[in-house]
$ cat target_8.tsv   # TSV, N, CA and C atoms
chain	number	residue	atom	x	y	z
A	1084	PRO	N	129.62	124.94	77.49
A	1084	PRO	CA	129.81	124.44	78.85
A	1084	PRO	C	128.96	125.16	79.90
A	1085	ALA	N	128.77	126.47	79.77
A	1085	ALA	CA	127.94	127.20	80.75
A	1085	ALA	C	126.52	126.68	80.74
A	1086	LEU	N	126.01	126.37	79.56
A	1086	LEU	CA	124.64	125.85	79.48
A	1086	LEU	C	124.56	124.43	80.01
A	1087	GLN	N	125.56	123.63	79.73
A	1087	GLN	CA	125.56	122.27	80.25
A	1087	GLN	C	125.61	122.28	81.77
A	1088	LEU	N	126.42	123.15	82.35
A	1088	LEU	CA	126.56	123.19	83.80
A	1088	LEU	C	125.31	123.73	84.49
A	1089	SER	N	124.70	124.78	83.92
A	1089	SER	CA	123.56	125.40	84.60
A	1089	SER	C	122.23	124.83	84.17
A	1090	CYS	N	122.13	124.27	82.97
A	1090	CYS	CA	120.84	123.86	82.45
A	1090	CYS	C	120.79	122.41	81.98
A	1091	GLY	N	121.92	121.81	81.69
A	1091	GLY	CA	121.91	120.52	81.03
A	1091	GLY	C	122.61	119.39	81.72
A	1092	SER	N	122.81	119.51	83.01
A	1092	SER	CA	123.44	118.39	83.71
A	1092	SER	C	122.42	117.28	83.89
A	1093	ALA	N	122.90	116.10	84.13
A	1093	ALA	CA	122.01	114.96	84.31
A	1093	ALA	C	121.06	115.14	85.47
A	1094	SER	N	121.42	116.00	86.41
A	1094	SER	CA	120.57	116.18	87.59
A	1094	SER	C	119.48	117.22	87.36
A	1095	ILE	N	119.51	117.92	86.23
A	1095	ILE	CA	118.50	118.93	85.94
A	1095	ILE	C	117.62	118.40	84.81
A	1096	SER	N	116.32	118.29	85.08
A	1096	SER	CA	115.44	117.63	84.13
A	1096	SER	C	115.03	118.49	82.94
A	1097	CYS	N	115.13	119.81	83.02
A	1097	CYS	CA	114.63	120.65	81.93
A	1097	CYS	C	115.39	120.46	80.62
A	1098	HIS	N	116.73	120.44	80.67
A	1098	HIS	CA	117.51	120.39	79.44
A	1098	HIS	C	118.62	119.36	79.52
A	1099	GLY	N	118.52	118.43	80.42
A	1099	GLY	CA	119.62	117.50	80.59
A	1099	GLY	C	119.21	116.05	80.68
A	1100	ASN	N	118.09	115.69	80.09
A	1100	ASN	CA	117.74	114.28	80.11
A	1100	ASN	C	117.34	113.83	78.72
A	1101	VAL	N	117.13	112.54	78.58
A	1101	VAL	CA	116.86	111.96	77.27
A	1101	VAL	C	115.52	112.44	76.71
A	1102	ASN	N	114.54	112.68	77.54
A	1102	ASN	CA	113.21	113.10	77.09
A	1102	ASN	C	112.81	114.42	77.73
A	1103	PRO	N	113.37	115.53	77.25
A	1103	PRO	CA	113.00	116.82	77.84
A	1103	PRO	C	111.56	117.17	77.51
A	1104	PRO	N	110.96	118.07	78.27
A	1104	PRO	CA	109.60	118.50	77.96
A	1104	PRO	C	109.53	119.10	76.55
A	1105	PRO	N	108.35	119.12	75.93
A	1105	PRO	CA	108.22	119.68	74.58
A	1105	PRO	C	108.77	121.11	74.52
A	1106	GLY	N	109.52	121.38	73.46
A	1106	GLY	CA	110.07	122.70	73.26
A	1106	GLY	C	111.39	122.96	73.97
A	1107	HIS	N	111.84	122.02	74.79
A	1107	HIS	CA	113.10	122.19	75.52
A	1107	HIS	C	114.23	121.49	74.77
A	1108	ILE	N	115.27	122.22	74.48
A	1108	ILE	CA	116.45	121.64	73.84
A	1108	ILE	C	117.27	120.90	74.90
A	1109	ARG	N	117.94	119.85	74.48
A	1109	ARG	CA	118.86	119.14	75.38
A	1109	ARG	C	120.25	119.71	75.20
A	1110	TYR	N	120.87	120.10	76.31
A	1110	TYR	CA	122.24	120.62	76.28
A	1110	TYR	C	123.26	119.57	76.70
A	1111	ASP	N	122.81	118.41	77.10
A	1111	ASP	CA	123.75	117.39	77.57
A	1111	ASP	C	124.30	116.58	76.40
A	1112	THR	N	125.40	115.91	76.66
A	1112	THR	CA	126.00	115.02	75.67
A	1112	THR	C	126.09	113.61	76.23
A	1113	SER	N	125.08	113.22	76.98
A	1113	SER	CA	125.06	111.86	77.53
A	1113	SER	C	124.35	110.91	76.57
A	1114	ASN	N	124.45	109.64	76.86
A	1114	ASN	CA	123.78	108.59	76.09
A	1114	ASN	C	124.10	108.67	74.59
A	1115	GLY	N	125.35	108.96	74.27
A	1115	GLY	CA	125.78	108.97	72.88
A	1115	GLY	C	125.45	110.23	72.10
A	1116	ARG	N	124.83	111.20	72.72
A	1116	ARG	CA	124.51	112.47	72.04
A	1116	ARG	C	125.80	113.26	71.87
A	1117	THR	N	126.02	113.77	70.68
A	1117	THR	CA	127.27	114.48	70.39
A	1117	THR	C	127.11	116.00	70.54
A	1118	ALA	N	128.22	116.68	70.68
A	1118	ALA	CA	128.21	118.13	70.72
A	1118	ALA	C	127.65	118.70	69.42
A	1119	LYS	N	127.91	118.04	68.30
A	1119	LYS	CA	127.38	118.48	67.00
A	1119	LYS	C	125.85	118.40	66.99
A	1120	GLU	N	125.29	117.39	67.60
A	1120	GLU	CA	123.82	117.28	67.68
A	1120	GLU	C	123.23	118.42	68.51
A	1121	VAL	N	123.90	118.78	69.58
A	1121	VAL	CA	123.45	119.92	70.39
A	1121	VAL	C	123.55	121.19	69.55
A	1122	TRP	N	124.67	121.39	68.87
A	1122	TRP	CA	124.85	122.58	68.03
A	1122	TRP	C	123.79	122.64	66.93
A	1123	ASP	N	123.53	121.52	66.26
A	1123	ASP	CA	122.51	121.48	65.20
A	1123	ASP	C	121.15	121.91	65.73
A	1124	ALA	N	120.79	121.44	66.93
A	1124	ALA	CA	119.49	121.78	67.52
A	1124	ALA	C	119.41	123.27	67.85
A	1125	LEU	N	120.53	123.88	68.18
A	1125	LEU	CA	120.55	125.31	68.50
A	1125	LEU	C	120.30	126.19	67.28
A	1126	MET	N	120.45	125.67	66.09
A	1126	MET	CA	120.31	126.46	64.87
A	1126	MET	C	118.87	126.48	64.34
A	1127	LEU	N	117.94	125.90	65.06
A	1127	LEU	CA	116.55	125.80	64.62
A	1127	LEU	C	115.68	126.88	65.27
A	1128	PRO	N	114.51	127.15	64.68
A	1128	PRO	CA	113.57	128.05	65.36
A	1128	PRO	C	113.11	127.40	66.67
A	1129	PRO	N	112.88	128.18	67.70
A	1129	PRO	CA	112.41	127.61	68.97
A	1129	PRO	C	110.95	127.19	68.86
A	1130	ALA	N	110.53	126.33	69.77
A	1130	ALA	CA	109.15	125.84	69.77
A	1130	ALA	C	108.17	126.95	70.14
A	1131	SER	N	108.60	127.88	70.97
A	1131	SER	CA	107.71	128.94	71.42
A	1131	SER	C	108.50	130.23	71.61
A	1132	SER	N	108.27	131.17	70.70
A	1132	SER	CA	108.93	132.48	70.77
A	1132	SER	C	108.20	133.42	69.82
A	1133	PRO	N	108.44	134.72	69.93
A	1133	PRO	CA	107.90	135.62	68.94
A	1133	PRO	C	108.47	135.29	67.55
A	1134	ALA	N	107.76	135.66	66.50
A	1134	ALA	CA	108.20	135.39	65.13
A	1134	ALA	C	109.57	135.99	64.88
A	1135	GLY	N	110.35	135.29	64.07
A	1135	GLY	CA	111.64	135.80	63.64
A	1135	GLY	C	112.83	135.31	64.43
A	1136	TYR	N	112.60	134.68	65.57
A	1136	TYR	CA	113.71	134.18	66.39
A	1136	TYR	C	114.17	132.81	65.93
A	1137	PHE	N	115.43	132.54	66.16
A	1137	PHE	CA	116.01	131.21	66.13
A	1137	PHE	C	116.58	130.98	67.51
A	1138	LEU	N	116.78	129.73	67.91
A	1138	LEU	CA	117.42	129.53	69.20
A	1138	LEU	C	118.74	130.28	69.19
A	1139	VAL	N	119.53	130.08	68.15
A	1139	VAL	CA	120.74	130.86	67.92
A	1139	VAL	C	120.71	131.27	66.46
A	1140	LYS	N	120.75	132.56	66.20
A	1140	LYS	CA	120.83	133.06	64.82
A	1140	LYS	C	122.25	133.57	64.61
A	1141	PRO	N	123.09	132.77	63.93
A	1141	PRO	CA	124.48	133.16	63.75
A	1141	PRO	C	124.62	134.58	63.23
A	1142	GLY	N	125.43	135.36	63.93
A	1142	GLY	CA	125.70	136.74	63.56
A	1142	GLY	C	124.67	137.74	64.04
A	1143	ASP	N	123.59	137.28	64.68
A	1143	ASP	CA	122.51	138.19	65.09
A	1143	ASP	C	122.06	137.90	66.52
A	1144	VAL	N	122.70	138.56	67.46
A	1144	VAL	CA	122.37	138.37	68.88
A	1144	VAL	C	120.93	138.76	69.17
A	1145	SER	N	120.44	139.82	68.51
A	1145	SER	CA	119.10	140.34	68.81
A	1145	SER	C	117.98	139.38	68.40
A	1146	GLN	N	118.24	138.45	67.50
A	1146	GLN	CA	117.23	137.47	67.08
A	1146	GLN	C	117.55	136.07	67.57
A	1147	SER	N	118.45	135.98	68.54
A	1147	SER	CA	118.81	134.69	69.13
A	1147	SER	C	118.04	134.51	70.43
A	1148	TRP	N	117.08	133.60	70.40
A	1148	TRP	CA	116.18	133.37	71.53
A	1148	TRP	C	116.94	132.96	72.77
A	1149	LEU	N	118.02	132.24	72.60
A	1149	LEU	CA	118.83	131.82	73.74
A	1149	LEU	C	119.26	133.03	74.57
A	1150	ILE	N	119.70	134.09	73.93
A	1150	ILE	CA	120.13	135.29	74.65
A	1150	ILE	C	118.94	135.96	75.32
A	1151	GLU	N	117.84	136.03	74.63
A	1151	GLU	CA	116.63	136.62	75.23
A	1151	GLU	C	116.22	135.84	76.49
A	1152	LYS	N	116.29	134.51	76.41
A	1152	LYS	CA	115.86	133.68	77.55
A	1152	LYS	C	116.80	133.79	78.75
A	1153	VAL	N	118.08	134.04	78.54
A	1153	VAL	CA	119.00	134.12	79.67
A	1153	VAL	C	119.24	135.55	80.15
A	1154	THR	N	118.63	136.55	79.48
A	1154	THR	CA	118.85	137.93	79.90
A	1154	THR	C	117.57	138.68	80.25
A	1155	ALA	N	116.43	138.27	79.75
A	1155	ALA	CA	115.18	139.02	79.97
A	1155	ALA	C	114.32	138.36	81.04
A	1156	ASN	N	113.79	139.16	81.94
A	1156	ASN	CA	112.90	138.61	82.96
A	1156	ASN	C	111.56	138.18	82.38
A	1157	SER	N	111.11	138.85	81.30
A	1157	SER	CA	109.90	138.48	80.56
A	1157	SER	C	110.27	138.30	79.10
A	1158	PRO	N	110.87	137.15	78.75
A	1158	PRO	CA	111.35	136.95	77.38
A	1158	PRO	C	110.25	137.20	76.35
A	1159	GLY	N	110.63	137.89	75.28
A	1159	GLY	CA	109.69	138.17	74.22
A	1159	GLY	C	108.61	139.16	74.60
A	1160	GLY	N	108.80	139.84	75.72
A	1160	GLY	CA	107.79	140.79	76.19
A	1160	GLY	C	106.72	140.15	77.05
A	1161	GLY	N	106.84	138.88	77.32
A	1161	GLY	CA	105.87	138.17	78.15
A	1161	GLY	C	105.12	137.12	77.35
A	1162	GLY	N	104.62	136.12	78.04
A	1162	GLY	CA	103.87	135.05	77.40
A	1162	GLY	C	104.72	133.93	76.85
A	1163	PHE	N	106.03	134.00	77.07
A	1163	PHE	CA	106.94	132.98	76.55
A	1163	PHE	C	107.81	132.40	77.65
A	1164	GLY	N	107.25	132.25	78.82
A	1164	GLY	CA	108.00	131.68	79.92
A	1164	GLY	C	108.77	132.73	80.68
A	1165	THR	N	109.73	132.25	81.44
A	1165	THR	CA	110.50	133.12	82.32
A	1165	THR	C	111.97	133.07	81.96
A	1166	ARG	N	112.73	133.93	82.63
A	1166	ARG	CA	114.18	133.94	82.45
A	1166	ARG	C	114.76	132.59	82.85
A	1167	MET	N	115.76	132.17	82.12
A	1167	MET	CA	116.43	130.91	82.40
A	1167	MET	C	117.80	131.18	83.01
A	1168	PRO	N	118.34	130.29	83.75
A	1168	PRO	CA	117.73	129.03	84.16
A	1168	PRO	C	116.74	129.24	85.31
A	1169	GLN	N	115.66	128.51	85.25
A	1169	GLN	CA	114.66	128.60	86.31
A	1169	GLN	C	115.19	127.95	87.58
A	1170	ALA	N	114.75	128.48	88.69
A	1170	ALA	CA	115.09	127.91	90.01
A	1170	ALA	C	116.59	127.77	90.21
A	1171	SER	N	117.36	128.65	89.59
A	1171	SER	CA	118.80	128.63	89.74
A	1171	SER	C	119.31	130.05	89.56
A	1172	ASP	N	120.56	130.28	89.89
A	1172	ASP	CA	121.14	131.60	89.69
A	1172	ASP	C	121.20	131.95	88.22
A	1173	ASN	N	121.06	133.24	87.90
A	1173	ASN	CA	121.22	133.69	86.52
A	1173	ASN	C	122.63	133.37	86.05
A	1174	LEU	N	122.79	133.23	84.74
A	1174	LEU	CA	124.13	133.06	84.21
A	1174	LEU	C	124.95	134.29	84.56
A	1175	CYS	N	126.21	134.12	84.82
A	1175	CYS	CA	127.07	135.27	85.13
A	1175	CYS	C	127.28	136.09	83.86
A	1176	GLN	N	127.61	137.35	84.04
A	1176	GLN	CA	127.77	138.25	82.89
A	1176	GLN	C	128.86	137.76	81.94
A	1177	ALA	N	129.91	137.18	82.47
A	1177	ALA	CA	130.97	136.66	81.60
A	1177	ALA	C	130.45	135.56	80.68
A	1178	SER	N	129.58	134.68	81.18
A	1178	SER	CA	129.00	133.63	80.34
A	1178	SER	C	128.08	134.23	79.28
A	1179	ILE	N	127.27	135.21	79.66
A	1179	ILE	CA	126.39	135.87	78.70
A	1179	ILE	C	127.22	136.57	77.63
A	1180	ASP	N	128.26	137.28	78.04
A	1180	ASP	CA	129.13	137.97	77.08
A	1180	ASP	C	129.79	136.97	76.14
A	1181	ASN	N	130.19	135.84	76.67
A	1181	ASN	CA	130.81	134.80	75.85
A	1181	ASN	C	129.82	134.25	74.83
A	1182	LEU	N	128.59	133.98	75.25
A	1182	LEU	CA	127.56	133.51	74.32
A	1182	LEU	C	127.29	134.54	73.23
A	1183	LYS	N	127.18	135.81	73.62
A	1183	LYS	CA	126.94	136.87	72.64
A	1183	LYS	C	128.09	136.96	71.63
A	1184	ALA	N	129.31	136.89	72.11
A	1184	ALA	CA	130.48	136.97	71.22
A	1184	ALA	C	130.50	135.79	70.25
A	1185	TRP	N	130.15	134.60	70.74
A	1185	TRP	CA	130.10	133.40	69.90
A	1185	TRP	C	129.04	133.57	68.81
A	1186	ILE	N	127.87	134.05	69.18
A	1186	ILE	CA	126.80	134.27	68.20
A	1186	ILE	C	127.22	135.33	67.18
A	1187	GLN	N	127.75	136.45	67.67
A	1187	GLN	CA	128.17	137.53	66.79
A	1187	GLN	C	129.24	137.07	65.81
A	1188	ALA	N	130.07	136.14	66.23
A	1188	ALA	CA	131.13	135.60	65.36
A	1188	ALA	C	130.60	134.55	64.38
A	1189	GLY	N	129.30	134.33	64.37
A	1189	GLY	CA	128.71	133.37	63.44
A	1189	GLY	C	128.37	132.03	64.06
A	1190	ALA	N	128.48	131.90	65.38
A	1190	ALA	CA	128.17	130.66	66.11
A	1190	ALA	C	128.86	129.44	65.52
A	1191	PRO	N	130.18	129.52	65.32
A	1191	PRO	CA	130.87	128.38	64.70
A	1191	PRO	C	130.83	127.14	65.59
A	1192	PHE	N	130.80	125.98	64.93
A	1192	PHE	CA	130.86	124.73	65.66
A	1192	PHE	C	132.29	124.53	66.09
$ encode --input "target_8.tsv" --output "structure tokens"
Amino acid sequence: PALQLSCGSASISCHGNVNPPPGHIRYDTSNGRTAKEVWDALMLPPASSPAGYFLVKPGDVSQSWLIEKVTANSPGGGGFGTRMPQASDNLCQASIDNLKAWIQAGAPF
């Protein structure tokens, strides 16, 4: 829900529309897209990141690109975009902690 609200609402084009830019995951569940489809997409390697990352690597926060993107000002040490969400407030610490706990617990669906 934190990602849908900050990054994937219908009013935000980066991660909340039917045709996101290349490399951008969709966090919305509109137009018949299911939560399972969003979860499945999170388990893949990202389109652009340092080697070894997955968008979410169950049980491994340090190799989960999602956490790097929402916590680092220069994700991956630089050259991989900026901290997310762009042009919006950073995720609150409680949301980040919740994401980390979910990943550490194996990122269950």
$ closest_residue --input "target_8.tsv" --among "A:Arg1166, A:Val1153, A:Gly1160, A:Leu1127" --to "Ile1179 (chain A)" --atoms "all atoms listed in the file"
A:Val1153
$ atom_distance --input "target_8.tsv" --atom1 "CA of Gly1162 (chain A)" --atom2 "CA of Ser1132 (chain A)"
8.7 Å
$ atom_distance --input "target_8.tsv" --atom1 "atom C of Cys1175 (chain A)" --atom2 "CA of Arg1116 (chain A)"
26.6 Å
$ atom_distance --input "target_8.tsv" --atom1 "atom C of Pro1158 (chain A)" --atom2 "atom C of Pro1129 (chain A)"
12.5 Å
$ residues_around --input "target_8.tsv" --residues "Phe1163 (chain A)" --least-positions-apart "6" --cutoff "8 Å" --atoms "all atoms listed in the file" --output "list in words"
Ser1131, Ser1132, Pro1133 and Ser1157 of chain A
$ axis_aligned_box --input "target_8.tsv" --around "region 1156-1161 of chain A" --padding-each-side "4 Å" --output "JSON"
{"center_x": 109.5, "center_y": 138.9, "center_z": 78.6, "size_x": 16.7, "size_y": 11.8, "size_z": 16.7}
$ closest_residue --input "target_8.tsv" --among "A:Trp1185, A:Phe1137, A:Gln1176, A:Phe1192" --to "Ala1118 (chain A)" --atoms "all atoms listed in the file"
A:Phe1192
$ build_atoms --input "target_8.tsv" --residues "region 1159-1170 of chain A" --atoms "all heavy atoms" --output "PDB file, in the coordinates of the input"
ATOM      1  N   GLY A1159     110.630 137.890  75.280  1.00  0.00           N
ATOM      2  CA  GLY A1159     109.690 138.170  74.220  1.00  0.00           C
ATOM      3  C   GLY A1159     108.610 139.160  74.600  1.00  0.00           C
ATOM      4  O   GLY A1159     107.603 139.278  73.923  1.00  0.00           O
ATOM      5  N   GLY A1160     108.800 139.840  75.720  1.00  0.00           N
ATOM      6  CA  GLY A1160     107.790 140.790  76.190  1.00  0.00           C
ATOM      7  C   GLY A1160     106.720 140.150  77.050  1.00  0.00           C
ATOM      8  O   GLY A1160     105.778 140.804  77.473  1.00  0.00           O
ATOM      9  N   GLY A1161     106.840 138.880  77.320  1.00  0.00           N
ATOM     10  CA  GLY A1161     105.870 138.170  78.150  1.00  0.00           C
ATOM     11  C   GLY A1161     105.120 137.120  77.350  1.00  0.00           C
ATOM     12  O   GLY A1161     105.023 137.190  76.128  1.00  0.00           O
ATOM     13  N   GLY A1162     104.620 136.120  78.040  1.00  0.00           N
ATOM     14  CA  GLY A1162     103.870 135.050  77.400  1.00  0.00           C
ATOM     15  C   GLY A1162     104.720 133.930  76.850  1.00  0.00           C
ATOM     16  O   GLY A1162     104.214 133.008  76.231  1.00  0.00           O
ATOM     17  N   PHE A1163     106.030 134.000  77.070  1.00  0.00           N
ATOM     18  CA  PHE A1163     106.940 132.980  76.550  1.00  0.00           C
ATOM     19  C   PHE A1163     107.810 132.400  77.650  1.00  0.00           C
ATOM     20  O   PHE A1163     108.985 132.127  77.449  1.00  0.00           O
ATOM     21  CB  PHE A1163     107.803 133.569  75.427  1.00  0.00           C
ATOM     22  CG  PHE A1163     107.009 134.010  74.239  1.00  0.00           C
ATOM     23  CD1 PHE A1163     106.669 135.344  74.083  1.00  0.00           C
ATOM     24  CD2 PHE A1163     106.567 133.099  73.307  1.00  0.00           C
ATOM     25  CE1 PHE A1163     105.930 135.772  72.997  1.00  0.00           C
ATOM     26  CE2 PHE A1163     105.818 133.504  72.206  1.00  0.00           C
ATOM     27  CZ  PHE A1163     105.496 134.844  72.059  1.00  0.00           C
ATOM     28  N   GLY A1164     107.250 132.250  78.820  1.00  0.00           N
ATOM     29  CA  GLY A1164     108.000 131.680  79.920  1.00  0.00           C
ATOM     30  C   GLY A1164     108.770 132.730  80.680  1.00  0.00           C
ATOM     31  O   GLY A1164     108.513 133.927  80.571  1.00  0.00           O
ATOM     32  N   THR A1165     109.730 132.250  81.440  1.00  0.00           N
ATOM     33  CA  THR A1165     110.500 133.120  82.320  1.00  0.00           C
ATOM     34  C   THR A1165     111.970 133.070  81.960  1.00  0.00           C
ATOM     35  O   THR A1165     112.404 132.277  81.133  1.00  0.00           O
ATOM     36  CB  THR A1165     110.336 132.676  83.786  1.00  0.00           C
ATOM     37  OG1 THR A1165     110.815 131.327  83.904  1.00  0.00           O
ATOM     38  CG2 THR A1165     108.893 132.744  84.238  1.00  0.00           C
ATOM     39  N   ARG A1166     112.730 133.930  82.630  1.00  0.00           N
ATOM     40  CA  ARG A1166     114.180 133.940  82.450  1.00  0.00           C
ATOM     41  C   ARG A1166     114.760 132.590  82.850  1.00  0.00           C
ATOM     42  O   ARG A1166     114.311 131.952  83.798  1.00  0.00           O
ATOM     43  CB  ARG A1166     114.774 135.049  83.321  1.00  0.00           C
ATOM     44  CG  ARG A1166     116.260 135.225  83.162  1.00  0.00           C
ATOM     45  CD  ARG A1166     116.740 136.367  84.044  1.00  0.00           C
ATOM     46  NE  ARG A1166     118.145 136.599  83.850  1.00  0.00           N
ATOM     47  CZ  ARG A1166     118.695 137.800  83.795  1.00  0.00           C
ATOM     48  NH1 ARG A1166     117.956 138.882  83.948  1.00  0.00           N
ATOM     49  NH2 ARG A1166     119.984 137.938  83.618  1.00  0.00           N
ATOM     50  N   MET A1167     115.760 132.170  82.120  1.00  0.00           N
ATOM     51  CA  MET A1167     116.430 130.910  82.400  1.00  0.00           C
ATOM     52  C   MET A1167     117.800 131.180  83.010  1.00  0.00           C
ATOM     53  O   MET A1167     118.371 132.235  82.744  1.00  0.00           O
ATOM     54  CB  MET A1167     116.625 130.124  81.087  1.00  0.00           C
ATOM     55  CG  MET A1167     115.339 129.700  80.430  1.00  0.00           C
ATOM     56  SD  MET A1167     114.581 128.380  81.375  1.00  0.00           S
ATOM     57  CE  MET A1167     112.877 128.818  81.224  1.00  0.00           C
ATOM     58  N   PRO A1168     118.340 130.290  83.750  1.00  0.00           N
ATOM     59  CA  PRO A1168     117.730 129.030  84.160  1.00  0.00           C
ATOM     60  C   PRO A1168     116.740 129.240  85.310  1.00  0.00           C
ATOM     61  O   PRO A1168     116.962 130.081  86.182  1.00  0.00           O
ATOM     62  CB  PRO A1168     118.917 128.182  84.620  1.00  0.00           C
ATOM     63  CG  PRO A1168     119.984 129.155  84.994  1.00  0.00           C
ATOM     64  CD  PRO A1168     119.747 130.388  84.165  1.00  0.00           C
ATOM     65  N   GLN A1169     115.660 128.510  85.250  1.00  0.00           N
ATOM     66  CA  GLN A1169     114.660 128.600  86.310  1.00  0.00           C
ATOM     67  C   GLN A1169     115.190 127.950  87.580  1.00  0.00           C
ATOM     68  O   GLN A1169     115.952 126.996  87.520  1.00  0.00           O
ATOM     69  CB  GLN A1169     113.379 127.867  85.904  1.00  0.00           C
ATOM     70  CG  GLN A1169     112.599 128.581  84.837  1.00  0.00           C
ATOM     71  CD  GLN A1169     111.306 127.868  84.521  1.00  0.00           C
ATOM     72  OE1 GLN A1169     111.138 126.691  84.781  1.00  0.00           O
ATOM     73  NE2 GLN A1169     110.384 128.601  83.932  1.00  0.00           N
ATOM     74  N   ALA A1170     114.750 128.480  88.690  1.00  0.00           N
ATOM     75  CA  ALA A1170     115.090 127.910  90.010  1.00  0.00           C
ATOM     76  C   ALA A1170     116.590 127.770  90.210  1.00  0.00           C
ATOM     77  O   ALA A1170     117.056 126.854  90.876  1.00  0.00           O
ATOM     78  CB  ALA A1170     114.383 126.570  90.207  1.00  0.00           C
TER      79      ALA A1170
END
